[in-house]
Structure formats: structure tokens, C-alpha cells
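K.L.:
Sharing entry09.tsv here; it has TSV, C-alpha atoms.
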chain	number	residue	atom	x	y	z
A	1	MET	CA	-47.40	88.39	213.78
A	2	ALA	CA	-46.90	91.98	212.69
A	3	THR	CA	-48.97	94.99	213.66
A	4	ILE	CA	-49.63	97.39	210.81
A	5	ARG	CA	-50.26	100.79	212.38
A	6	LYS	CA	-49.43	104.35	211.39
A	7	ASP	CA	-48.92	107.26	213.78
A	8	ASP	CA	-52.36	108.88	213.90
A	9	ARG	CA	-50.88	111.97	215.54
A	10	LEU	CA	-49.64	113.09	212.11
A	11	THR	CA	-51.83	114.32	209.29
A	12	SER	CA	-51.64	112.53	205.94
A	13	SER	CA	-49.75	115.44	204.38
A	14	GLN	CA	-47.27	115.48	207.28
A	15	SER	CA	-46.61	111.74	206.97
A	16	PHE	CA	-46.11	112.04	203.23
A	17	SER	CA	-43.80	115.04	203.63
A	18	CYS	CA	-41.69	113.26	206.25
A	19	VAL	CA	-41.25	110.21	204.03
A	20	GLY	CA	-40.56	112.35	200.95
A	21	PHE	CA	-37.97	114.62	202.57
A	22	ALA	CA	-36.19	111.68	204.22
A	23	GLY	CA	-36.12	109.79	200.92
A	24	ILE	CA	-34.74	112.76	198.96
A	25	LEU	CA	-31.97	113.40	201.49
A	26	SER	CA	-30.89	109.76	201.72
A	27	LYS	CA	-30.95	109.32	197.92
A	28	THR	CA	-28.97	112.52	197.32
A	29	VAL	CA	-26.26	111.72	199.86
A	30	THR	CA	-25.79	108.14	198.61
A	31	SER	CA	-26.11	109.03	194.91
A	32	PRO	CA	-22.37	108.43	194.16
A	33	LEU	CA	-22.72	104.82	195.30
A	34	GLU	CA	-25.86	104.40	193.19
A	35	VAL	CA	-24.02	105.74	190.13
A	36	ILE	CA	-21.13	103.30	190.73
A	37	LYS	CA	-23.58	100.43	191.16
A	38	ILE	CA	-25.53	101.11	187.96
A	39	LYS	CA	-22.42	101.70	185.85
A	40	SER	CA	-21.02	98.40	187.15
A	41	GLN	CA	-24.24	96.58	186.34
A	42	VAL	CA	-24.39	97.98	182.82
A	43	GLY	CA	-20.67	97.38	182.31
A	44	THR	CA	-19.30	100.81	181.31
A	45	PHE	CA	-15.53	101.27	181.20
A	46	HIS	CA	-15.50	103.27	184.46
A	47	CYS	CA	-16.05	100.15	186.53
A	48	LYS	CA	-13.65	97.71	184.87
A	49	ARG	CA	-10.93	98.20	187.48
A	50	GLY	CA	-12.87	97.73	190.69
A	51	PHE	CA	-14.89	99.63	193.26
A	52	TRP	CA	-12.40	102.29	194.42
A	53	GLN	CA	-10.92	102.96	191.00
A	54	SER	CA	-14.42	103.68	189.67
A	55	PHE	CA	-14.63	106.86	191.76
A	56	HIS	CA	-11.36	108.14	190.28
A	57	LEU	CA	-12.36	107.38	186.68
A	58	ILE	CA	-15.79	109.00	186.97
A	59	TYR	CA	-14.29	112.12	188.57
A	60	LYS	CA	-11.55	112.27	185.95
A	61	ASN	CA	-13.94	111.91	182.99
A	62	GLU	CA	-17.03	113.73	184.22
A	63	GLY	CA	-16.15	115.75	187.32
A	64	LEU	CA	-18.08	115.90	190.58
A	65	ARG	CA	-21.46	116.28	188.89
A	66	GLY	CA	-20.95	112.84	187.37
A	67	PHE	CA	-21.73	111.36	190.80
A	68	TRP	CA	-25.17	112.97	190.89
A	69	LYS	CA	-26.37	112.09	187.40
A	70	GLY	CA	-29.94	110.87	187.46
A	71	ASN	CA	-30.46	111.99	191.06
A	72	LEU	CA	-33.17	114.50	190.13
A	73	VAL	CA	-35.30	111.94	188.29
A	74	SER	CA	-34.69	109.46	191.12
A	75	CYS	CA	-36.02	111.99	193.65
A	76	LEU	CA	-38.97	112.90	191.40
A	77	ARG	CA	-39.83	109.22	191.10
A	78	LEU	CA	-39.86	108.86	194.87
A	79	PHE	CA	-43.13	110.75	195.43
A	80	PRO	CA	-45.47	108.92	193.01
A	81	TYR	CA	-43.76	105.61	193.84
A	82	SER	CA	-44.24	106.11	197.60
A	83	ALA	CA	-47.84	107.27	197.21
A	84	ILE	CA	-48.85	104.34	195.00
A	85	HIS	CA	-46.88	101.83	197.07
A	86	LEU	CA	-48.48	103.02	200.32
A	87	ALA	CA	-52.00	103.09	198.90
A	88	ALA	CA	-51.69	99.62	197.36
A	89	TYR	CA	-50.02	98.21	200.48
A	90	LYS	CA	-52.76	99.49	202.79
A	91	LYS	CA	-55.46	98.16	200.48
A	92	ILE	CA	-53.93	94.66	200.33
A	93	VAL	CA	-53.04	94.50	204.04
A	94	HIS	CA	-56.51	95.59	205.14
A	95	LEU	CA	-57.96	92.64	203.24
A	96	HIS	CA	-55.96	90.27	205.48
A	97	MET	CA	-56.26	92.09	208.82
A	98	ASP	CA	-58.24	90.57	211.66
A	99	GLU	CA	-60.56	92.60	213.87
A	100	MET	CA	-57.64	93.52	216.17
A	101	GLY	CA	-55.60	95.05	213.36
A	102	TYR	CA	-53.05	92.22	213.09
A	103	VAL	CA	-51.70	90.54	209.99
A	104	SER	CA	-49.18	87.72	209.65
A	105	GLN	CA	-45.62	88.70	208.74
A	106	TRP	CA	-45.54	86.73	205.51
A	107	ARG	CA	-48.82	88.30	204.37
A	108	ALA	CA	-47.46	91.76	205.13
A	109	ILE	CA	-44.30	91.04	203.11
A	110	PHE	CA	-46.37	89.60	200.26
A	111	ALA	CA	-48.50	92.74	200.30
A	112	GLY	CA	-45.33	94.83	200.16
A	113	GLY	CA	-44.12	92.89	197.12
A	114	ILE	CA	-47.38	93.30	195.20
A	115	ALA	CA	-47.56	96.99	196.14
A	116	GLY	CA	-43.97	97.43	194.96
A	117	ILE	CA	-44.80	95.91	191.57
A	118	ALA	CA	-47.81	98.23	191.18
A	119	ALA	CA	-45.72	101.29	192.07
A	120	ALA	CA	-42.89	100.19	189.76
A	121	LEU	CA	-45.30	99.75	186.85
A	122	ALA	CA	-46.57	103.31	187.23
A	123	THR	CA	-43.12	104.89	187.56
A	124	TYR	CA	-40.98	102.55	185.42
A	125	PRO	CA	-40.36	105.09	182.60
A	126	LEU	CA	-38.68	107.36	185.17
A	127	GLU	CA	-36.40	104.48	186.20
A	128	VAL	CA	-35.43	103.97	182.55
A	129	ALA	CA	-34.68	107.70	182.29
A	130	GLU	CA	-32.54	107.50	185.45
A	131	THR	CA	-30.47	104.63	183.99
A	132	ARG	CA	-29.95	106.41	180.66
A	133	LEU	CA	-28.85	109.63	182.39
A	134	ILE	CA	-26.40	107.78	184.65
A	135	VAL	CA	-24.86	105.71	181.86
A	136	GLN	CA	-24.20	108.63	179.51
A	137	ASN	CA	-21.19	110.94	179.81
A	138	CYS	CA	-22.51	114.20	181.25
A	139	ARG	CA	-19.81	116.18	179.40
A	140	GLU	CA	-21.01	114.77	176.06
A	141	PRO	CA	-24.69	114.11	176.83
A	142	THR	CA	-27.18	112.38	174.59
A	143	TYR	CA	-30.00	113.48	176.90
A	144	THR	CA	-30.32	116.85	178.63
A	145	GLY	CA	-32.94	116.20	181.28
A	146	VAL	CA	-35.83	114.08	182.49
A	147	LEU	CA	-38.43	115.21	179.96
A	148	ASN	CA	-35.90	115.22	177.13
A	149	THR	CA	-34.89	111.65	177.99
A	150	LEU	CA	-38.47	110.37	178.10
A	151	GLY	CA	-39.36	112.18	174.89
A	152	SER	CA	-36.23	111.03	173.03
A	153	VAL	CA	-36.67	107.39	174.03
A	154	TYR	CA	-40.35	107.46	173.07
A	155	ARG	CA	-39.73	109.10	169.68
A	156	SER	CA	-36.73	107.03	168.64
A	157	GLU	CA	-37.50	103.65	170.24
A	158	GLY	CA	-41.21	103.59	170.92
A	159	LEU	CA	-43.37	103.26	174.02
A	160	LEU	CA	-42.25	99.71	174.81
A	161	ALA	CA	-38.67	100.94	175.29
A	162	LEU	CA	-39.85	102.85	178.37
A	163	TYR	CA	-40.90	99.50	179.87
A	164	ARG	CA	-37.98	97.42	178.65
A	165	GLY	CA	-37.02	94.93	181.36
A	166	PHE	CA	-40.11	95.46	183.51
A	167	SER	CA	-40.79	91.72	183.66
A	168	LEU	CA	-37.53	91.41	185.63
A	169	THR	CA	-38.98	93.71	188.28
A	170	VAL	CA	-41.84	91.23	188.70
A	171	LEU	CA	-39.50	88.21	188.75
A	172	GLY	CA	-37.13	89.92	191.18
A	173	ALA	CA	-39.97	90.69	193.60
A	174	PHE	CA	-40.31	87.01	194.57
A	175	PRO	CA	-36.73	86.38	195.78
A	176	PHE	CA	-36.80	89.85	197.38
A	177	SER	CA	-39.91	88.93	199.38
A	178	ILE	CA	-38.43	85.55	200.30
A	179	GLY	CA	-35.29	87.28	201.59
A	180	CYS	CA	-37.32	89.70	203.72
A	181	PHE	CA	-39.41	86.88	205.13
A	182	ALA	CA	-36.32	84.78	205.92
A	183	VAL	CA	-34.89	87.61	208.01
A	184	TYR	CA	-38.06	88.71	209.80
A	185	ALA	CA	-39.10	85.12	210.55
A	186	ASN	CA	-35.89	84.61	212.53
A	187	LEU	CA	-35.51	87.92	214.33
A	188	ASP	CA	-36.71	86.52	217.65
A	189	LYS	CA	-33.96	83.89	217.45
A	190	LEU	CA	-31.36	86.51	216.55
A	191	TRP	CA	-32.18	88.84	219.45
A	192	GLN	CA	-33.45	86.18	221.86
A	193	GLU	CA	-36.60	88.20	222.55
A	194	PRO	CA	-40.00	88.79	220.91
A	195	PRO	CA	-40.32	91.46	218.18
A	196	PHE	CA	-42.60	93.75	220.22
A	197	ARG	CA	-39.66	94.43	222.57
A	198	PHE	CA	-37.26	95.61	219.86
A	199	ASN	CA	-35.87	99.11	220.34
A	200	SER	CA	-35.09	101.65	217.59
A	201	LEU	CA	-31.53	100.43	217.07
A	202	GLN	CA	-32.67	96.82	216.75
A	203	ASN	CA	-35.34	97.80	214.22
A	204	PHE	CA	-32.75	99.73	212.21
A	205	ILE	CA	-30.39	96.73	212.18
A	206	ASN	CA	-33.30	94.48	211.21
A	207	GLY	CA	-34.13	96.72	208.26
A	208	CYS	CA	-30.51	96.72	207.06
A	209	LEU	CA	-30.27	92.93	207.37
A	210	ALA	CA	-33.54	92.38	205.53
A	211	ALA	CA	-32.51	94.77	202.74
A	212	GLY	CA	-29.08	93.15	202.44
A	213	VAL	CA	-30.39	89.58	202.21
A	214	ALA	CA	-33.35	90.47	199.97
A	215	GLN	CA	-31.25	92.51	197.53
A	216	SER	CA	-28.63	89.75	197.40
A	217	LEU	CA	-31.24	87.27	196.18
A	218	SER	CA	-32.92	89.61	193.68
A	219	TYR	CA	-29.75	91.36	192.46
A	220	PRO	CA	-29.19	89.28	189.26
A	221	PHE	CA	-32.62	90.32	188.00
A	222	ASP	CA	-31.81	93.96	188.71
A	223	THR	CA	-28.47	93.69	186.88
A	224	VAL	CA	-30.04	92.32	183.70
A	225	LYS	CA	-32.86	94.87	183.97
A	226	ARG	CA	-30.35	97.74	184.05
A	227	LYS	CA	-28.56	96.35	180.99
A	228	MET	CA	-31.85	96.19	179.10
A	229	GLN	CA	-32.74	99.74	180.13
A	230	ALA	CA	-29.35	101.10	179.05
A	231	GLN	CA	-28.80	99.31	175.76
A	232	SER	CA	-30.05	101.15	172.68
A	233	SER	CA	-28.99	101.26	169.05
A	234	HIS	CA	-29.49	105.04	169.21
A	235	LEU	CA	-26.79	105.52	171.86
A	236	PRO	CA	-22.99	105.56	171.45
A	237	HIS	CA	-21.58	102.05	171.97
A	238	LEU	CA	-25.16	100.77	172.40
A	239	GLY	CA	-25.39	102.52	175.76
A	240	GLY	CA	-22.01	101.30	176.99
A	241	ALA	CA	-23.26	97.84	177.96
A	242	ASP	CA	-20.59	95.12	177.89
A	243	VAL	CA	-23.14	92.58	176.61
A	244	HIS	CA	-25.19	93.02	173.45
A	245	PHE	CA	-28.24	90.82	173.67
A	246	THR	CA	-31.53	90.05	171.99
A	247	GLY	CA	-33.62	89.45	175.11
A	248	ILE	CA	-33.65	88.57	178.80
A	249	LEU	CA	-32.55	84.94	178.46
A	250	ASP	CA	-29.86	85.89	175.95
A	251	CYS	CA	-28.47	88.47	178.39
A	252	PHE	CA	-28.35	85.95	181.24
A	253	ARG	CA	-26.71	83.37	178.99
A	254	GLN	CA	-24.07	85.72	177.59
A	255	MET	CA	-23.13	87.14	180.98
A	256	ILE	CA	-22.67	83.69	182.54
A	257	ARG	CA	-20.81	82.33	179.49
A	258	ASN	CA	-18.46	85.31	179.08
A	259	LYS	CA	-17.80	86.40	182.67
A	260	GLY	CA	-19.21	83.73	184.93
A	261	VAL	CA	-22.14	83.56	187.31
A	262	PHE	CA	-20.75	86.22	189.65
A	263	SER	CA	-20.99	88.84	186.90
A	264	LEU	CA	-24.71	88.90	187.71
A	265	TRP	CA	-23.69	90.58	190.99
A	266	SER	CA	-21.63	93.35	189.35
A	267	GLY	CA	-21.76	96.49	191.49
A	268	PHE	CA	-22.88	94.56	194.54
A	269	THR	CA	-20.09	96.07	196.67
A	270	ALA	CA	-21.38	99.60	196.07
A	271	ASN	CA	-24.94	98.42	196.70
A	272	THR	CA	-23.97	96.78	199.99
A	273	VAL	CA	-21.95	99.77	201.18
A	274	LYS	CA	-24.95	101.98	200.40
A	275	ILE	CA	-27.42	100.08	202.58
A	276	VAL	CA	-26.31	101.33	206.02
A	277	PRO	CA	-25.95	105.07	205.24
A	278	TYR	CA	-29.10	105.04	203.12
A	279	PHE	CA	-31.32	103.46	205.76
A	280	GLY	CA	-29.54	105.35	208.54
A	281	LEU	CA	-30.23	108.71	206.91
A	282	LEU	CA	-33.74	107.64	205.93
A	283	TYR	CA	-34.62	106.59	209.47
A	284	THR	CA	-32.91	109.52	211.22
A	285	CYS	CA	-34.34	112.18	208.91
A	286	PHE	CA	-37.83	110.69	209.10
A	287	GLU	CA	-37.75	110.61	212.89
A	288	THR	CA	-36.46	114.20	213.03
A	289	CYS	CA	-39.21	115.44	210.68
A	290	LYS	CA	-41.77	113.46	212.66
A	291	GLN	CA	-40.66	115.09	215.94
A	292	VAL	CA	-40.99	118.56	214.41
A	293	CYS	CA	-44.52	117.75	213.21
A	294	LEU	CA	-45.54	116.26	216.57
A	295	TYR	CA	-44.23	119.38	218.32
A	296	ARG	CA	-46.18	121.65	215.98
A	297	ASN	CA	-49.29	119.53	216.56
A	298	GLY	CA	-48.84	119.88	220.32
A	299	TYR	CA	-48.11	116.28	221.32
A	300	ILE	CA	-44.53	116.69	222.59
A	301	VAL	CA	-42.78	119.47	224.55
A	302	SER	CA	-39.79	119.89	222.21
A	303	PRO	CA	-38.84	119.05	218.59
A	304	LEU	CA	-35.59	117.62	219.97
A	305	SER	CA	-37.11	114.83	222.05
A	306	TYR	CA	-40.14	112.56	222.31
A	307	THR	CA	-41.10	113.81	225.79
A	308	LEU	CA	-44.90	113.87	225.81
A	309	ALA	CA	-46.71	117.13	226.51
A	310	PRO	CA	-48.38	116.91	229.95
A	311	GLY	CA	-52.14	116.65	229.94
A	312	VAL	CA	-52.39	115.93	226.21
A	313	ASP	CA	-54.46	112.93	225.11
A	314	GLN	CA	-52.11	111.13	222.71
A	315	SER	CA	-55.00	109.06	221.31
A	316	LEU	CA	-56.59	112.12	219.70
A	317	GLY	CA	-55.93	112.88	216.05
A	318	PRO	CA	-54.30	116.24	215.21
A	319	TYR	CA	-57.57	117.88	214.15
A	320	GLU	CA	-59.37	116.52	217.20
A	321	LEU	CA	-56.62	117.85	219.47
A	322	GLN	CA	-56.88	121.31	217.92
A	323	GLU	CA	-60.66	121.27	218.41
A	324	VAL	CA	-60.19	120.39	222.10
A	325	LYS	CA	-57.64	123.20	222.53
A	326	ARG	CA	-59.97	125.73	220.89
A	327	TYR	CA	-62.84	124.56	223.08
A	328	LEU	CA	-60.79	124.88	226.27
A	329	LYS	CA	-59.44	128.26	225.22
A	330	ASN	CA	-62.92	129.60	224.45
A	331	ARG	CA	-64.31	128.18	227.68
A	332	ASN	CA	-61.58	129.83	229.75
A	333	PHE	CA	-62.12	133.11	227.91
A	334	ARG	CA	-65.86	133.01	228.59
A	335	SER	CA	-65.24	132.14	232.25
A	336	GLN	CA	-62.89	135.10	232.70
A	337	ASP	CA	-65.28	137.43	230.91
A	338	SER	CA	-68.19	136.25	233.07
A	339	PHE	CA	-66.08	136.73	236.20
A	340	LYS	CA	-65.28	140.33	235.22
A	341	ASN	CA	-68.94	141.12	234.48
A	342	ARG	CA	-69.95	139.97	237.93
A	343	TRP	CA	-67.83	142.75	239.39
So, in terms of C-alpha cells, how does the structure I just supplied come out?
P.N.:
Amino acid sequence: MATIRKDDRLTSSQSFSCVGFAGILSKTVTSPLEVIKIKSQVGTFHCKRGFWQSFHLIYKNEGLRGFWKGNLVSCLRLFPYSAIHLAAYKKIVHLHMDEMGYVSQWRAIFAGGIAGIAAALATYPLEVAETRLIVQNCREPTYTGVLNTLGSVYRSEGLLALYRGFSLTVLGAFPFSIGCFAVYANLDKLWQEPPFRFNSLQNFINGCLAAGVAQSLSYPFDTVKRKMQAQSSHLPHLGGADVHFTGILDCFRQMIRNKGVFSLWSGFTANTVKIVPYFGLLYTCFETCKQVCLYRNGYIVSPLSYTLAPGVDQSLGPYELQEVKRYLKNRNFRSQDSFKNRW
């Protein structure tokens, strides 16, 4: 069983800010690996010689900024995606919660999958823009920014081009959810103790394992999706894709026939290497931001530790705690004033 609870000591805006800032930092730092991964999936010439050589070729042809192509749109996409994902997830999970606030692990993972699909549907055009910006050569750009990319694709290829390959997001959600469930269902066997006793390090390792297994199973769908997003008759070399296809099944068939089944996992090395630093930065930055917010709200004695402030009721919400502090302050002030008047 999994307990779905948020930290009620943070306001909604604080929680959203913590998640957003942590996501932006982790995405920005690991952007070079994301660029390598997507170029490998699409099949541009930069990634024909292997993982390490890809860094050299991108730097040689596009310079350092080539490693951060598409990062801005990726960060912009994070906020609406997170907001929609969280809202949909809470709505679905609450339908399956019992009166004690518990929900089974598989139901929670299923809810996460459905919420992810809803968030992806709303923000998919931004993902298409990210792929186009990464695939192009930034020294000879076809697109000059997020809005220019969206507008150019819409004008030259139509609205459906902004959702090209979305069905693969839906199909990939099922093996992704299965992978997550397979990991979380066996965590007690892995650690030889129940989940409620896991410490922060164990939870971090669990998240990396779940992401690694889940992405391994859903990766072929993501590879074909990226090829569909990148390929366009309006781009040089059809977007640089090494397979020119007429649809999803044709892309799968050509990739397997020409380069074998393992070509569906192109760029998987970069994706795997990215998992640990991405989740490490995400978790560390979120916890740091959370500590700062808890300190400002008055729950802990320092933004550098989780030491609880003495005499503070941790069950109170931030606004309730401020009301109590104002009440106590006013009461003490009135007591002192009354004491002075008596003399």
C-alpha cells in the first residue's frame, strides 16, 4: 500500500515553486545528455560514431550552445505539465482512496500514467518544438525560437503536425507503468524491510531504479515518436532522420529491417547516464527549497537542517501557524500594556 500525502506545512505556491525550480535546474544541467539522446533517436550524423564521439561532433559543428538547444522550451513546458499532471493525479487518486487516505500501489501508478497522458496532451506541441530545435543546426537554424517554431510548423504543416506521434505517448505509458509497478512491488524484497521504513537514500535509489526499468520498456515508443516529431518535408534532409517513413508501423518496420531491433534503443546510453544526476539534482534541489520555505514559515530552526522549531505545532498549516503567532504576539502585547497601566 502507498500513502499519498503532501507536506501541508507548505503553501500551494511554495510547493509549485519548489518543484518548478528543481525541475529547471536538473533539466538545464543534464541538457547535453538529453540533446545526445534525441539526436541519437532521430538518427542525425552527430551520433553515428557512438556516445562519446557525439559530444565532440556537436561541439565541433555547433559549439557549446549546441548542448542547450531546446532547453528553454523544455523548461517552459515543465510548469504547465507539472500543474496538469498534479491536478489530474490528485483527482484520480482521491477516487480510489479509502477513509484513511491509503491507495494501493498499482492504482497510484495507474493514476500517474493517466495523469501523464493528460499532461502530455496539453503540452505536446511544446515537445514537438523541443525536438525540432534540438535536431536543427543552431548555426544554420530553420527555427529561431519557441513561438517561431510553433508558428512555422502550424503554417507549413498544419495543426496535426504539432501532435504527430502523440499516440506513441499513450502506447508507451502502459509499459512505463508496468515497469514502475514491477520495481515498487518488489522493493520490500530488495531492501528486506517494509517501505514505510525506507530512508531518503533508499527512496532516491528506488526512484532511479523505477525510472531506469520503466524507461527501458517504453523507450522504443519514445524513439519512434521523436523520429515522427523531427521528420518534415519542409526541413533540410527531412529533419535529419535516418528513416523516412509513412507512419508509425512503417517506422518500426524500417528500423528493425535496416538496423535491427536494438536500433529502437538508440541513445539509451545517454538516457541511462542521465537518470542518476537528473533525479539526484531534482531531489536535492527540491529538498533544499523545501527547507528554505519551512524555515520562512517558522517550522524549523534553520534552512540548513530539518531540526523542528521548539513549541511549534507541526500539524498546523502555514496560514494557521501565522494566525497563532499573531494571536500570541497580540496577547503578550496586551498583557504587558495592562501590567504597565496598573503601575
K.L.:
Which distance in Å separates atom CA of Leu217 of chain A and atom CA of Cys251 of chain A, to one decimal?
P.N.:
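Spanning atom CA of Leu217 of chain A to atom CA of Cys251 of chain A is a straight-line distance of 18.0 Å.
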K.L.:
Work out how far apart atom CA of Ile205 of chain A and atom CA of Phe221 of chain A are and give it in Å to one decimal.
P.N.:
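That distance, rounded to one decimal, is 25.1 Å.
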K.L.:
Just give me the gap between atom CA of Glu62 of chain A and atom CA of Asn137 of chain A in Å, one decimal is fine.
P.N.:
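These atoms are spaced 6.7 Å apart.
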K.L.:
Compile the contact shell of segment 188-195 of chain A as a PyMOL selection string: residues with an atom at most 12 Å away, counting only C-alpha atoms, same-chain residues fewer than 2 positions apart removed.
P.N.:
chain A and resi 1-3+105+182-186+197-203+205-206+209
K.L.:
So, counting all atoms listed in the file, which residue among A:Ile275, A:Leu235, A:Ala270, A:Leu121 is closest to Ile84 of chain A?
P.N.:
A:Leu121
K.L.:
So which residues are close to (-28.9, 109.4, 206.1), meaning at most 12 Å away in the file's coordinates with only C-alpha atoms counted, and can you show them as a list in words?
P.N.:
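Within the cut-off we find Phe21, Ala22, Gly23, Ile24, Leu25, Ser26, Lys27, Thr28, Val29, Thr30, Ser31, Lys274, Ile275, Val276, Pro277, Tyr278, Phe279, Gly280, Leu281, Leu282, Tyr283, Thr284, Cys285, Phe286, Glu287 and Thr288 of chain A.
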K.L.:
With the input short on atoms, add all heavy atoms back to segment 121-131 of chain A and write it as a PDB file, keeping the file's coordinate frame.
P.N.:
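Saved file rebuild35.pdb follows:
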ATOM      1  N   LEU A 121     -44.646  99.684 188.157  1.00  0.00           N
ATOM      2  CA  LEU A 121     -45.300  99.750 186.850  1.00  0.00           C
ATOM      3  C   LEU A 121     -45.657 101.200 186.492  1.00  0.00           C
ATOM      4  O   LEU A 121     -45.468 101.640 185.357  1.00  0.00           O
ATOM      5  CB  LEU A 121     -46.568  98.892 186.860  1.00  0.00           C
ATOM      6  CG  LEU A 121     -47.411  98.918 185.579  1.00  0.00           C
ATOM      7  CD1 LEU A 121     -46.619  98.367 184.396  1.00  0.00           C
ATOM      8  CD2 LEU A 121     -48.705  98.126 185.780  1.00  0.00           C
ATOM      9  N   ALA A 122     -46.151 101.937 187.475  1.00  0.00           N
ATOM     10  CA  ALA A 122     -46.570 103.310 187.230  1.00  0.00           C
ATOM     11  C   ALA A 122     -45.399 104.258 187.006  1.00  0.00           C
ATOM     12  O   ALA A 122     -45.518 105.254 186.295  1.00  0.00           O
ATOM     13  CB  ALA A 122     -47.429 103.816 188.391  1.00  0.00           C
ATOM     14  N   THR A 123     -44.249 103.959 187.617  1.00  0.00           N
ATOM     15  CA  THR A 123     -43.120 104.890 187.560  1.00  0.00           C
ATOM     16  C   THR A 123     -41.927 104.327 186.785  1.00  0.00           C
ATOM     17  O   THR A 123     -40.855 104.938 186.782  1.00  0.00           O
ATOM     18  CB  THR A 123     -42.647 105.223 188.993  1.00  0.00           C
ATOM     19  OG1 THR A 123     -42.226 104.010 189.667  1.00  0.00           O
ATOM     20  CG2 THR A 123     -43.763 105.867 189.795  1.00  0.00           C
ATOM     21  N   TYR A 124     -42.107 103.205 186.086  1.00  0.00           N
ATOM     22  CA  TYR A 124     -40.980 102.550 185.420  1.00  0.00           C
ATOM     23  C   TYR A 124     -40.296 103.434 184.366  1.00  0.00           C
ATOM     24  O   TYR A 124     -39.057 103.408 184.264  1.00  0.00           O
ATOM     25  CB  TYR A 124     -41.441 101.237 184.790  1.00  0.00           C
ATOM     26  CG  TYR A 124     -40.293 100.320 184.414  1.00  0.00           C
ATOM     27  CD1 TYR A 124     -39.649  99.557 185.380  1.00  0.00           C
ATOM     28  CD2 TYR A 124     -39.858 100.230 183.106  1.00  0.00           C
ATOM     29  CE1 TYR A 124     -38.594  98.726 185.051  1.00  0.00           C
ATOM     30  CE2 TYR A 124     -38.800  99.401 182.765  1.00  0.00           C
ATOM     31  CZ  TYR A 124     -38.180  98.652 183.741  1.00  0.00           C
ATOM     32  OH  TYR A 124     -37.121  97.833 183.404  1.00  0.00           O
ATOM     33  N   PRO A 125     -41.037 104.214 183.566  1.00  0.00           N
ATOM     34  CA  PRO A 125     -40.360 105.090 182.600  1.00  0.00           C
ATOM     35  C   PRO A 125     -39.336 106.031 183.252  1.00  0.00           C
ATOM     36  O   PRO A 125     -38.292 106.327 182.666  1.00  0.00           O
ATOM     37  CB  PRO A 125     -41.510 105.869 181.958  1.00  0.00           C
ATOM     38  CG  PRO A 125     -42.673 104.933 182.053  1.00  0.00           C
ATOM     39  CD  PRO A 125     -42.503 104.261 183.379  1.00  0.00           C
ATOM     40  N   LEU A 126     -39.622 106.490 184.468  1.00  0.00           N
ATOM     41  CA  LEU A 126     -38.680 107.360 185.170  1.00  0.00           C
ATOM     42  C   LEU A 126     -37.422 106.588 185.559  1.00  0.00           C
ATOM     43  O   LEU A 126     -36.310 107.139 185.567  1.00  0.00           O
ATOM     44  CB  LEU A 126     -39.331 107.962 186.408  1.00  0.00           C
ATOM     45  CG  LEU A 126     -40.438 108.983 186.155  1.00  0.00           C
ATOM     46  CD1 LEU A 126     -41.094 109.402 187.460  1.00  0.00           C
ATOM     47  CD2 LEU A 126     -39.889 110.200 185.428  1.00  0.00           C
ATOM     48  N   GLU A 127     -37.572 105.300 185.880  1.00  0.00           N
ATOM     49  CA  GLU A 127     -36.400 104.480 186.200  1.00  0.00           C
ATOM     50  C   GLU A 127     -35.533 104.275 184.961  1.00  0.00           C
ATOM     51  O   GLU A 127     -34.300 104.292 185.048  1.00  0.00           O
ATOM     52  CB  GLU A 127     -36.848 103.127 186.761  1.00  0.00           C
ATOM     53  CG  GLU A 127     -35.692 102.269 187.256  1.00  0.00           C
ATOM     54  CD  GLU A 127     -36.144 100.957 187.858  1.00  0.00           C
ATOM     55  OE1 GLU A 127     -37.339 100.838 188.203  1.00  0.00           O
ATOM     56  OE2 GLU A 127     -35.298 100.051 187.977  1.00  0.00           O
ATOM     57  N   VAL A 128     -36.172 104.087 183.804  1.00  0.00           N
ATOM     58  CA  VAL A 128     -35.430 103.970 182.550  1.00  0.00           C
ATOM     59  C   VAL A 128     -34.666 105.269 182.275  1.00  0.00           C
ATOM     60  O   VAL A 128     -33.484 105.249 181.893  1.00  0.00           O
ATOM     61  CB  VAL A 128     -36.383 103.661 181.375  1.00  0.00           C
ATOM     62  CG1 VAL A 128     -35.641 103.717 180.048  1.00  0.00           C
ATOM     63  CG2 VAL A 128     -37.023 102.282 181.556  1.00  0.00           C
ATOM     64  N   ALA A 129     -35.333 106.406 182.495  1.00  0.00           N
ATOM     65  CA  ALA A 129     -34.680 107.700 182.290  1.00  0.00           C
ATOM     66  C   ALA A 129     -33.493 107.860 183.236  1.00  0.00           C
ATOM     67  O   ALA A 129     -32.429 108.373 182.839  1.00  0.00           O
ATOM     68  CB  ALA A 129     -35.689 108.830 182.516  1.00  0.00           C
ATOM     69  N   GLU A 130     -33.647 107.420 184.481  1.00  0.00           N
ATOM     70  CA  GLU A 130     -32.540 107.500 185.450  1.00  0.00           C
ATOM     71  C   GLU A 130     -31.335 106.698 184.951  1.00  0.00           C
ATOM     72  O   GLU A 130     -30.191 107.177 184.988  1.00  0.00           O
ATOM     73  CB  GLU A 130     -33.005 106.962 186.803  1.00  0.00           C
ATOM     74  CG  GLU A 130     -31.902 106.930 187.850  1.00  0.00           C
ATOM     75  CD  GLU A 130     -32.284 106.137 189.080  1.00  0.00           C
ATOM     76  OE1 GLU A 130     -33.373 105.520 189.093  1.00  0.00           O
ATOM     77  OE2 GLU A 130     -31.485 106.105 190.029  1.00  0.00           O
ATOM     78  N   THR A 131     -31.570 105.476 184.476  1.00  0.00           N
ATOM     79  CA  THR A 131     -30.470 104.630 183.990  1.00  0.00           C
ATOM     80  C   THR A 131     -29.777 105.270 182.798  1.00  0.00           C
ATOM     81  O   THR A 131     -28.540 105.303 182.730  1.00  0.00           O
ATOM     82  CB  THR A 131     -31.009 103.242 183.598  1.00  0.00           C
ATOM     83  OG1 THR A 131     -31.624 102.639 184.741  1.00  0.00           O
ATOM     84  CG2 THR A 131     -29.878 102.348 183.114  1.00  0.00           C
TER      85      THR A 131
END
